[in-house]
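Q: File name target-v9.cif; file contents mmCIF, C-alpha atoms and all ligand atoms; full text below.
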```
data_final
#
loop_
_atom_site.label_atom_id
_atom_site.label_comp_id
_atom_site.auth_asym_id
_atom_site.auth_seq_id
_atom_site.Cartn_x
_atom_site.Cartn_y
_atom_site.Cartn_z
CA MET E 22 -22.70 30.80 0.00
CA LYS E 23 -22.20 34.50 0.50
CA ILE E 24 -22.85 35.75 4.03
CA SER E 25 -23.13 39.32 5.32
CA ILE E 26 -22.94 40.10 9.03
CA TYR E 27 -24.09 43.30 10.72
CA GLN E 28 -21.78 44.07 13.68
CA MET E 29 -24.12 46.57 15.22
CA ASP E 30 -24.02 49.32 17.86
CA VAL E 31 -27.52 48.88 19.27
CA ILE E 32 -29.32 51.99 20.52
CA ALA E 33 -30.49 51.13 24.04
CA GLY E 34 -34.25 50.93 24.55
CA LYS E 35 -35.22 52.17 21.08
CA PRO E 36 -36.63 49.31 18.97
CA GLU E 37 -37.98 51.61 16.22
CA LEU E 38 -34.60 53.28 15.73
CA ASN E 39 -32.81 49.93 15.66
CA ARG E 40 -35.27 48.53 13.12
CA GLY E 41 -34.50 51.63 11.05
CA LYS E 42 -30.76 50.93 11.29
CA VAL E 43 -31.26 47.33 10.23
CA LYS E 44 -33.46 48.35 7.30
CA ASP E 45 -30.87 50.88 6.07
CA TRP E 46 -27.99 48.40 6.47
CA LEU E 47 -29.86 45.63 4.72
CA GLU E 48 -30.83 47.85 1.81
CA VAL E 49 -27.25 49.01 1.20
CA THR E 50 -25.69 45.59 1.81
CA CYS E 51 -28.11 43.62 -0.32
CA LYS E 52 -27.70 46.02 -3.26
CA LYS E 53 -23.90 46.11 -2.98
CA GLU E 54 -22.99 42.56 -1.95
CA LYS E 55 -25.97 40.44 -3.00
CA PRO E 56 -25.54 38.03 -0.08
CA ASP E 57 -27.42 34.73 0.27
CA VAL E 58 -27.70 35.14 4.03
CA VAL E 59 -27.53 38.13 6.39
CA VAL E 60 -26.90 37.79 10.11
CA LEU E 61 -27.90 40.14 12.95
CA PRO E 62 -26.63 40.12 16.58
CA GLU E 63 -28.29 39.39 19.94
CA MET E 64 -30.92 41.70 21.51
CA TRP E 65 -30.60 44.07 18.59
CA THR E 66 -33.95 45.81 19.10
CA THR E 67 -33.37 46.93 22.72
CA ASN E 68 -29.82 46.16 23.90
CA TYR E 69 -29.64 44.81 27.50
CA THR E 70 -32.27 47.20 28.89
CA LEU E 71 -33.62 44.34 31.01
CA LYS E 72 -35.44 46.56 33.53
CA HIS E 73 -37.45 48.20 30.75
CA LEU E 74 -38.36 45.15 28.70
CA ASN E 75 -41.90 45.02 30.06
CA ASN E 76 -42.62 48.11 27.98
CA ILE E 77 -40.52 47.52 24.88
CA ALA E 78 -40.30 43.76 24.29
CA ASP E 79 -42.04 42.33 21.25
CA ARG E 80 -45.25 40.40 21.82
CA ASP E 81 -45.37 36.91 20.28
CA GLY E 82 -42.49 37.88 17.99
CA GLU E 83 -44.14 41.02 16.67
CA PRO E 84 -43.50 43.49 15.19
CA THR E 85 -39.92 42.26 14.57
CA THR E 86 -40.80 39.03 12.76
CA SER E 87 -43.12 40.71 10.23
CA PHE E 88 -40.55 43.47 9.74
CA LEU E 89 -37.84 40.91 8.89
CA GLN E 90 -40.21 38.86 6.72
CA HIS E 91 -40.91 41.94 4.65
CA LEU E 92 -37.19 42.68 4.23
CA ALA E 93 -36.42 39.03 3.33
CA LYS E 94 -39.02 39.11 0.55
CA THR E 95 -38.05 42.55 -0.68
CA TYR E 96 -34.35 41.68 -1.00
CA GLU E 97 -34.81 37.95 -1.63
CA VAL E 98 -32.35 37.16 1.11
CA ASN E 99 -32.27 34.65 3.96
CA ILE E 100 -32.18 36.40 7.33
CA VAL E 101 -30.68 34.96 10.50
CA GLY E 102 -32.52 37.58 12.48
CA GLY E 103 -30.38 37.76 15.60
CA SER E 104 -32.42 37.82 18.78
CA PHE E 105 -34.80 40.20 20.51
CA ALA E 106 -36.74 40.46 23.74
CA ASN E 107 -40.05 38.71 23.19
CA ARG E 108 -43.05 38.42 25.50
CA LYS E 109 -45.04 35.20 25.29
CA GLY E 110 -47.81 34.74 27.83
CA GLY E 111 -46.52 36.20 31.09
CA ASN E 112 -42.82 35.63 30.33
CA ILE E 113 -40.15 37.38 28.31
CA TYR E 114 -37.66 35.35 26.27
CA ASN E 115 -34.48 36.13 24.35
CA SER E 116 -35.83 34.88 21.02
CA ALA E 117 -34.16 34.30 17.67
CA VAL E 118 -35.88 33.94 14.34
CA VAL E 119 -34.66 32.75 10.92
CA ILE E 120 -36.50 33.68 7.74
CA ASN E 121 -35.92 32.40 4.21
CA ARG E 122 -35.84 34.34 0.93
CA HIS E 123 -39.58 33.86 0.51
CA GLY E 124 -40.32 35.50 3.82
CA GLU E 125 -41.17 32.21 5.56
CA VAL E 126 -40.09 31.61 9.16
CA VAL E 127 -37.88 28.50 9.10
CA TYR E 128 -36.74 28.51 12.73
CA ARG E 129 -37.56 30.03 16.08
CA TYR E 130 -35.37 29.59 19.13
CA ASP E 131 -35.47 30.92 22.70
CA LYS E 132 -32.05 31.24 24.36
CA VAL E 133 -31.65 28.24 26.63
CA HIS E 134 -28.80 29.40 28.89
CA LEU E 135 -29.47 32.69 30.67
CA VAL E 136 -26.48 34.72 31.85
CA PRO E 137 -26.17 35.05 35.64
CA MET E 138 -23.42 37.69 35.28
CA LEU E 139 -25.93 39.96 33.46
CA ASP E 140 -28.90 39.07 35.72
CA GLU E 141 -30.67 37.74 32.65
CA HIS E 142 -32.39 35.06 34.73
CA LEU E 143 -34.10 37.75 36.86
CA TYR E 144 -35.92 39.21 33.86
CA LEU E 145 -36.06 36.48 31.22
CA THR E 146 -37.23 32.90 30.93
CA GLY E 147 -35.02 30.27 29.30
CA GLY E 148 -36.07 28.23 26.28
CA THR E 149 -36.35 24.45 26.41
CA THR E 150 -36.04 23.26 22.81
CA TYR E 151 -33.66 23.57 19.87
CA HIS E 152 -32.93 21.77 16.62
CA THR E 153 -31.21 22.17 13.26
CA PHE E 154 -32.92 23.93 10.36
CA ASP E 155 -32.55 24.02 6.61
CA LEU E 156 -31.17 27.10 4.89
CA GLU E 157 -30.56 27.04 1.13
CA GLY E 158 -30.14 23.25 1.27
CA LEU E 159 -27.66 23.39 4.17
CA LYS E 160 -28.23 22.12 7.68
CA ALA E 161 -27.67 24.92 10.13
CA GLY E 162 -27.68 25.48 13.89
CA LEU E 163 -28.08 28.66 15.89
CA ILE E 164 -27.01 29.51 19.41
CA ILE E 165 -27.19 32.76 21.38
CA CYS E 166 -24.11 34.22 23.10
CA TYR E 167 -23.75 32.51 26.55
CA ASP E 168 -24.93 29.24 24.88
CA LEU E 169 -21.41 29.19 23.37
CA ARG E 170 -20.04 28.08 26.76
CA PHE E 171 -22.05 24.86 26.65
CA PRO E 172 -20.37 22.54 24.15
CA GLU E 173 -23.18 19.99 24.51
CA LEU E 174 -25.61 22.26 22.68
CA SER E 175 -23.39 22.83 19.63
CA ARG E 176 -22.35 19.16 19.64
CA LYS E 177 -25.96 18.00 19.54
CA LEU E 178 -26.62 20.30 16.58
CA ALA E 179 -23.50 18.96 14.81
CA VAL E 180 -24.42 15.33 15.53
CA ASP E 181 -27.81 16.13 14.03
CA GLY E 182 -26.01 17.27 10.87
CA ALA E 183 -25.33 21.01 11.22
CA GLU E 184 -22.69 22.18 8.75
CA ILE E 185 -22.79 25.80 9.85
CA LEU E 186 -23.31 27.26 13.31
CA PHE E 187 -24.62 30.81 13.62
CA ILE E 188 -23.78 32.60 16.86
CA VAL E 189 -25.69 35.78 17.62
CA ALA E 190 -24.17 37.67 20.51
CA GLU E 191 -23.77 40.71 22.70
CA TRP E 192 -20.48 39.50 24.21
CA PRO E 193 -18.69 41.77 26.68
CA GLU E 194 -15.15 43.11 26.31
CA THR E 195 -14.17 41.76 29.76
CA ARG E 196 -14.31 38.15 28.53
CA LYS E 197 -13.08 38.75 25.00
CA SER E 198 -10.40 36.02 25.14
CA HIS E 199 -13.17 33.47 25.84
CA TRP E 200 -15.14 34.73 22.83
CA PHE E 201 -12.18 33.92 20.61
CA ALA E 202 -11.19 30.58 22.11
CA LEU E 203 -14.69 29.13 22.44
CA GLN E 204 -15.73 29.95 18.88
CA ILE E 205 -12.60 28.41 17.42
CA ALA E 206 -13.03 25.36 19.64
CA ARG E 207 -16.67 24.89 18.52
CA ALA E 208 -15.57 25.08 14.87
CA ILE E 209 -12.72 22.57 15.29
CA GLU E 210 -14.47 20.03 17.49
CA ASN E 211 -17.66 20.04 15.41
CA GLN E 212 -15.95 20.47 12.02
CA LEU E 213 -18.36 23.11 10.83
CA PHE E 214 -18.35 26.78 9.81
CA VAL E 215 -18.92 29.23 12.63
CA VAL E 216 -20.45 32.57 11.66
CA SER E 217 -20.92 35.06 14.47
CA ALA E 218 -22.53 38.49 14.75
CA ASN E 219 -21.55 40.40 17.88
CA CYS E 220 -22.32 43.97 18.98
CA VAL E 221 -20.06 46.94 19.63
CA GLY E 222 -20.68 50.01 21.80
CA GLN E 223 -21.76 49.89 25.41
CA TYR E 224 -24.70 49.91 27.79
CA ASN E 225 -24.82 50.31 31.56
CA GLY E 226 -21.03 50.27 31.88
CA ILE E 227 -20.58 47.10 29.80
CA SER E 228 -18.68 47.37 26.51
CA TYR E 229 -19.23 44.78 23.82
CA CYS E 230 -16.19 43.43 22.02
CA GLY E 231 -17.24 43.13 18.37
CA ASN E 232 -14.83 40.73 16.66
CA SER E 233 -17.66 39.09 14.73
CA MET E 234 -16.12 36.18 12.88
CA VAL E 235 -16.23 33.69 10.06
CA ILE E 236 -14.31 30.52 10.99
CA ASP E 237 -13.82 27.50 8.75
CA PRO E 238 -14.24 23.84 9.85
CA LEU E 239 -10.49 23.59 10.54
CA GLY E 240 -10.72 26.47 12.98
CA GLU E 241 -9.03 29.01 10.70
CA VAL E 242 -10.41 32.50 11.24
CA LEU E 243 -11.33 33.66 7.71
CA TYR E 244 -12.42 37.08 8.93
CA CYS E 245 -12.51 38.88 12.26
CA ALA E 246 -14.18 42.30 12.47
CA SER E 247 -12.87 45.20 14.55
CA ASP E 248 -13.42 45.30 18.30
CA LYS E 249 -14.78 48.85 18.37
CA ASN E 250 -16.69 49.88 15.27
CA GLU E 251 -19.94 49.10 13.57
CA GLU E 252 -19.02 47.01 10.57
CA SER E 253 -20.56 45.19 7.68
CA ILE E 254 -18.72 41.97 6.87
CA THR E 255 -19.27 39.94 3.73
CA LYS E 256 -17.53 36.62 3.20
CA GLU E 257 -18.05 33.68 0.87
CA ILE E 258 -17.75 30.18 2.28
CA ASP E 259 -17.36 26.85 0.51
CA ILE E 260 -19.57 24.41 2.37
CA LYS E 261 -17.86 21.41 0.69
CA GLN E 262 -15.02 21.93 3.16
CA VAL E 263 -17.24 20.44 5.88
CA SER E 264 -17.61 17.02 4.26
CA GLU E 265 -13.94 17.06 3.20
CA ILE E 266 -12.61 17.60 6.71
CA ARG E 267 -15.13 15.18 8.22
CA GLU E 268 -13.81 12.52 5.83
CA LYS E 269 -10.12 13.25 6.52
CA VAL E 270 -10.47 13.50 10.30
CA PRO E 271 -13.50 11.29 11.06
CA VAL E 272 -14.25 12.61 14.53
CA PHE E 273 -17.95 11.81 14.34
CA LYS E 274 -17.23 8.17 13.48
CA SER E 275 -14.73 7.94 16.37
CA ARG E 276 -17.17 9.11 19.02
CA VAL E 277 -18.09 6.70 21.84
CA PRO E 278 -21.34 8.26 23.06
CA HIS E 279 -22.13 5.67 25.73
CA LEU E 280 -19.00 6.79 27.62
CA TYR E 281 -20.16 10.41 27.71
CA LYS E 282 -23.31 10.08 29.76
CA LEU E 283 -23.00 13.38 31.60
CA ASN E 284 -25.81 12.71 34.06
CA THR E 285 -23.50 10.27 35.84
CA LEU E 286 -21.37 13.33 36.75
CA GLU E 287 -24.22 15.26 38.38
N1 LIG G 1 -25.16 38.10 26.23
C1 LIG G 1 -24.53 37.06 26.70
O1 LIG G 1 -25.01 35.94 26.63
C2 LIG G 1 -23.19 37.34 27.33
C3 LIG G 1 -22.42 36.08 27.68
C4 LIG G 1 -21.25 36.37 28.54
O2 LIG G 1 -21.07 37.47 29.03
C5 LIG G 1 -20.29 35.28 28.80
O3 LIG G 1 -20.57 34.14 28.46
O4 LIG G 1 -19.23 35.57 29.36
#
```
Starting from the file, lay out its structure as structure tokens.
Ligand SMILES: NC(=O)CCC(=O)C(=O)O
A:
Amino acid sequence: MKISIYQMDVIAGKPELNRGKVKDWLEVTCKKEKPDVVVLPEMWTTNYTLKHLNNIADRDGEPTTSFLQHLAKTYEVNIVGGSFANRKGGNIYNSAVVINRHGEVVYRYDKVHLVPMLDEHLYLTGGTTYHTFDLEGLKAGLIICYDLRFPELSRKLAVDGAEILFIVAEWPETRKSHWFALQIARAIENQLFVVSANCVGQYNGISYCGNSMVIDPLGEVLYCASDKNEESITKEIDIKQVSEIREKVPVFKSRVPHLYKLNTLE
């Protein structure tokens, strides 16, 4: 499976301009690399312009979902469409969407864990559901940025069969060492590929650390993008590695779930 990631410098508060950037990138990348899957970062339509989202968030996933559906069909490519601010009813969510080559939506997810350090909880509402989805015959999971700190979420997706975990992010420079360590840990403990799309650039005094990655199920970093520049990354992965490592080091068979009942710790 060939995967292309857009490590993007998102223009704050300008969804139309950012959709234009994504369209241009996708056109060039799909013609040059012919990827099976493309991956976009978190909040790529608006950046973290939380105070302005009332005016610029999508409504019920539109227009961003239709825009991505059109691109998926045009270039016959699966799109892990990052996330974007999305108004549903009276609330705004940090919503991700995944679209297959035929332009069909195969997954929608609202970020479950909102980031107190960015005041996300003051402006956004957290999601309450998540599950694996099928992409080109693979089982995949998707988490959004701060979700990476909660191993339970990725573990549940892996126990449910995920072989690849997409992480869409707008991770800040100040906690860059965590970005590295946590992604590698999620790959090793869950024995799956981790594919992340982070942002670069800055907004409101916060710089984003790039370093979008492709990590194999042994935790080897196959590619790490720069920490400063917009970048297009294309990498091929061999999904067979997942079953091979799970056979050699049978972590999932060794689990003792009844000893991990976390609610006893609350
Ligand atoms: N956009 C985010 O979710 C940022 C997460 C973050 O800053 C952290 O976990 O640290």
Q: What separation in Å, quoted to one decimal, exists between CA of Ile188 (chain E) and CA of Val277 (chain E)?
A: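 Value for the CA of Ile188 (chain E)-CA of Val277 (chain E) distance: 27.0 Å.
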Q: For a quick check of your reading of the model, name the residues lying within 10 Å of the coordinate (-16.7, 44.1, 24.8), counting all atoms listed in the file, and write them as a list of chain:residue names.
A: E:Glu191, E:Trp192, E:Pro193, E:Glu194, E:Thr195, E:Arg196, E:Lys197, E:Trp200, E:Asn219, E:Cys220, E:Val221, E:Gly222, E:Gln223, E:Ile227, E:Ser228, E:Tyr229, E:Cys230, E:Gly231, E:Asn232, E:Asp248, E:Lys249
Q: One decimal, in Å: what's the spacing between CA of Phe105 (chain E) and CA of Trp65 (chain E)?
A: 6.0 Å
Q: Got a sec to check which residues sit within 9 Å of (-32.4, 46.6, 30.0), counting all atoms listed in the file, and write them as a PyMOL selection string?
A: chain E and resi 33-34+67-74+224-225
Q: Put the listed atoms of region 147-165 of chain E in a box along x, y and z with 4 Å added on every side and give me the centre and edge lengths in Å to one decimal, as JSON.
A:
```
{"center_x": -31.7, "center_y": 27.3, "center_z": 15.2, "size_x": 17.3, "size_y": 19.0, "size_z": 36.2}
```
Q: Have a look at E:His142, E:Arg176, E:Arg276, E:Lys282 and name the one nearest to ligand LIG 1 (chain G); count all atoms listed in the file.
A: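 Going through E:His142, E:Arg176, E:Arg276, E:Lys282 one by one, the smallest distance to ligand LIG 1 (chain G) is for E:His142.
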Q: Of the residues E:Lys177, E:Lys261, E:Lys256, E:His134, which is the one nearest to ligand LIG 1 (chain G), using only C-alpha atoms and all ligand atoms?
A: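 The shortest atom-to-atom distance to ligand LIG 1 (chain G) comes from E:His134.
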Q: Between E:Thr153, E:Tyr244, E:Arg122, E:Val43, single out the one closest to Thr85 (chain E), counting only C-alpha atoms.
A: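 Once distances to Thr85 (chain E) are computed over only C-alpha atoms, the minimum belongs to E:Val43.
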Q: Please identify all polymer residues within 10 Å of Gly182 (chain E), counting all atoms listed in the file, omitting same-chain residues fewer than 4 positions from it, and present them as a ChimeraX atom specification.
A: /E:153-154,159-162,176-178,211,213
Q: Which is closer to ligand LIG 1 (chain G) than all the others in E:Met138, E:Val101, E:Leu243, E:Val31, using all atoms listed in the file?
A: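 Looking at the shortest contact to ligand LIG 1 (chain G), the residue is E:Met138.
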Q: For each of E:Gly226, E:Pro56, E:Pro278, E:Pro238, take the minimum atom-to-atom distance to Ser264 (chain E), counting only C-alpha atoms, then give the residue where this is smallest.
A: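 Under the stated criterion, the closest residue is E:Pro238.
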Q: Write out as a ChimeraX atom specification which residues come within 12 Å of Thr86 (chain E) when counting all atoms listed in the file, dropping same-chain ones fewer than 3 positions away.
A: /E:40,66,79-83,89-93,100-107,116-121,124-129
Q: Calculated over all atoms listed in the file, which of the candidates E:Cys51, E:Leu280, E:Ile26, E:Leu135 has the smallest distance to ligand LIG 1 (chain G)?
A: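 Counting all atoms listed in the file, the residue closest to ligand LIG 1 (chain G) is E:Leu135.
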Q: So that I can check the surroundings of Glu252 (chain E), please list as a PyMOL selection string every protein, DNA and RNA residue that reaches within 8 Å of it, counting all atoms listed in the file and ignoring chain neighbours fewer than 3 positions away.
A: chain E and resi 27-29+246-247
Q: Next, dump the selected residues to file, keeping only C-alpha atoms, as a short mmCIF file (atom, residue, chain, number, x, y, z; two decimals), in the frame of the given file.
A:
```
data_model
loop_
_atom_site.label_atom_id
_atom_site.label_comp_id
_atom_site.auth_asym_id
_atom_site.auth_seq_id
_atom_site.Cartn_x
_atom_site.Cartn_y
_atom_site.Cartn_z
CA TYR E 27 -24.09 43.30 10.72
CA GLN E 28 -21.78 44.07 13.68
CA MET E 29 -24.12 46.57 15.22
CA ALA E 246 -14.18 42.30 12.47
CA SER E 247 -12.87 45.20 14.55
#
```
